[in-house]
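> Would you mind keeping the following structure in view while I ask a few things?
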Amino acid sequence: MKLRLLTAALFFICTLAQAAEPKPIPQALEAQIGHLVALLKDSYATGYPDAALVQTLDTGEDSQVTLAVFTIEGFGMGNNYSQYLAAFTPEENEEGVPHYSLLDVMRIGGDSWRAIDKMDARLVSDPAGEQTLIDIAAMENTDDDAPNFPSRAAVIHLSLAGAQSLRLVEIK
């Protein structure tokens, strides 16, 4: 009886450990994030690929948006960082090769402001049905916080909408 209980407990722990591991970022998306880092950084800054966070949301029938938070650090040779949020449309070509088309990118956090340390985005209902509303959990700096250690929980409210092309806009 004890052996069965021990076996079941080990199986449960292994299952939880596997579920807690983040999924690897698809190569095609990793490449797109790399292109954005190259465009947004200065000659001293570098990307921090290990800190990238990704989540795909179903936005409707056969419609998805993939959100990626990525970090660039060391602007102007300083000890600083900025976080960016990019929205992509995941697609596949005729051969089934994945591709991510950029919708928009915006600065979403950084030193002495706020940080996203885990990707937990969720869709929010839009009564008019004209835009995609997204909430992302974040941490904000208070006056007493060190620049890289925000302590106040917050939610970033975003809209992904537009007439000609979709744009990310923070809703205050």
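Labels used: A, B, ... for chains in the order of the structure tokens, numbers from 1 for residues in each chain, and numbers from 1 for ligands as shown.
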Show me, as a VMD selection string, the residues that have an atom within 10 Å of Leu168 of chain A when counting only C-alpha atoms, minus same-chain residues fewer than 3 positions from it.
chain A and resid 85 to 87 103 to 106 132 to 134 158 to 162 171
> So that I can check the secondary structure, give me every residue of segment 34-136 of chain A assigned helix (DSSP H, G or I) by backbone DSSP, as a list in words.
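Of segment 34-136 of chain A, the ones in helix (DSSP H, G or I) are Gly34, His35, Leu36, Val37, Ala38, Leu39, Leu40, Pro49, Asp50, Ala51, Phe75, Gly76 and Met77 of chain A.
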> What does the distance between atom CA of Ala38 of chain A and atom CA of Pro26 of chain A come to in Å, to one decimal place?
18.5 Å
> Which residues are close to Leu102 of chain A, i.e. within 12 Å by only C-alpha atoms, leaving aside same-chain residues fewer than 6 positions away? Reply as a list in words.
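Once the adjacent positions are removed, what remains is Ala28, Leu29, Ala31, Gln32, Ile33, His35, Leu36, Val65, Thr66, Leu67, Ala68, Leu85, Ala86, Ala87, Phe88, Thr89, Pro90, Glu91, Ser165, Leu166, Arg167 and Leu168 of chain A.
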> Would you write out, as a tab-separated table, a table of all residues in segment 42-144 of chain A that have an atom no more than 10 Å from an atom of segment 150-155 of chain A, listing for each the closest atom pair and the distance in Å to one decimal, considering only C-alpha atoms and ordering rows by chain and rising residue number?

```
residue	atom	partner	partner_atom	distance
A:Gly110	CA	A:Pro150	CA	10.0
A:Asp111	CA	A:Pro150	CA	9.0
A:Ser112	CA	A:Pro150	CA	7.4
A:Trp113	CA	A:Pro150	CA	7.6
A:Arg114	CA	A:Pro150	CA	6.2
A:Ala115	CA	A:Pro150	CA	7.1
A:Ile116	CA	A:Ala154	CA	9.7
A:Ala121	CA	A:Val155	CA	9.5
A:Ile134	CA	A:Val155	CA	9.9
A:Asp135	CA	A:Val155	CA	6.3
A:Ile136	CA	A:Val155	CA	5.5
A:Ala137	CA	A:Val155	CA	4.6
A:Ala138	CA	A:Ala154	CA	5.1
A:Met139	CA	A:Ala153	CA	4.6
A:Glu140	CA	A:Pro150	CA	5.0
A:Asn141	CA	A:Pro150	CA	4.0
A:Thr142	CA	A:Pro150	CA	6.7
A:Asp143	CA	A:Pro150	CA	9.5
A:Asp144	CA	A:Ser151	CA	9.1
```
> Determine which residues of segment 59-118 of chain A DSSP labels as strand (DSSP E) from the backbone of this structure, then write them out as JSON, numbers by chain.
{"A": [59, 60, 63, 64, 65, 66, 67, 68, 69, 70, 71, 72, 73, 81, 82, 83, 84, 85, 86, 87, 88, 89, 90, 91, 92, 98, 99, 100, 101, 102, 103, 104, 105, 106, 107, 108, 109, 110, 114, 115]}
> When you count only C-alpha atoms, which of these residues is closest to Asn79 of chain A: A:Thr59, A:Tyr44, A:Lys23, A:Glu92?
A:Tyr44
> If I take atom CA of Leu53 of chain A and atom CA of Ile25 of chain A, how far is one from the other in Å, to one decimal?
8.3 Å
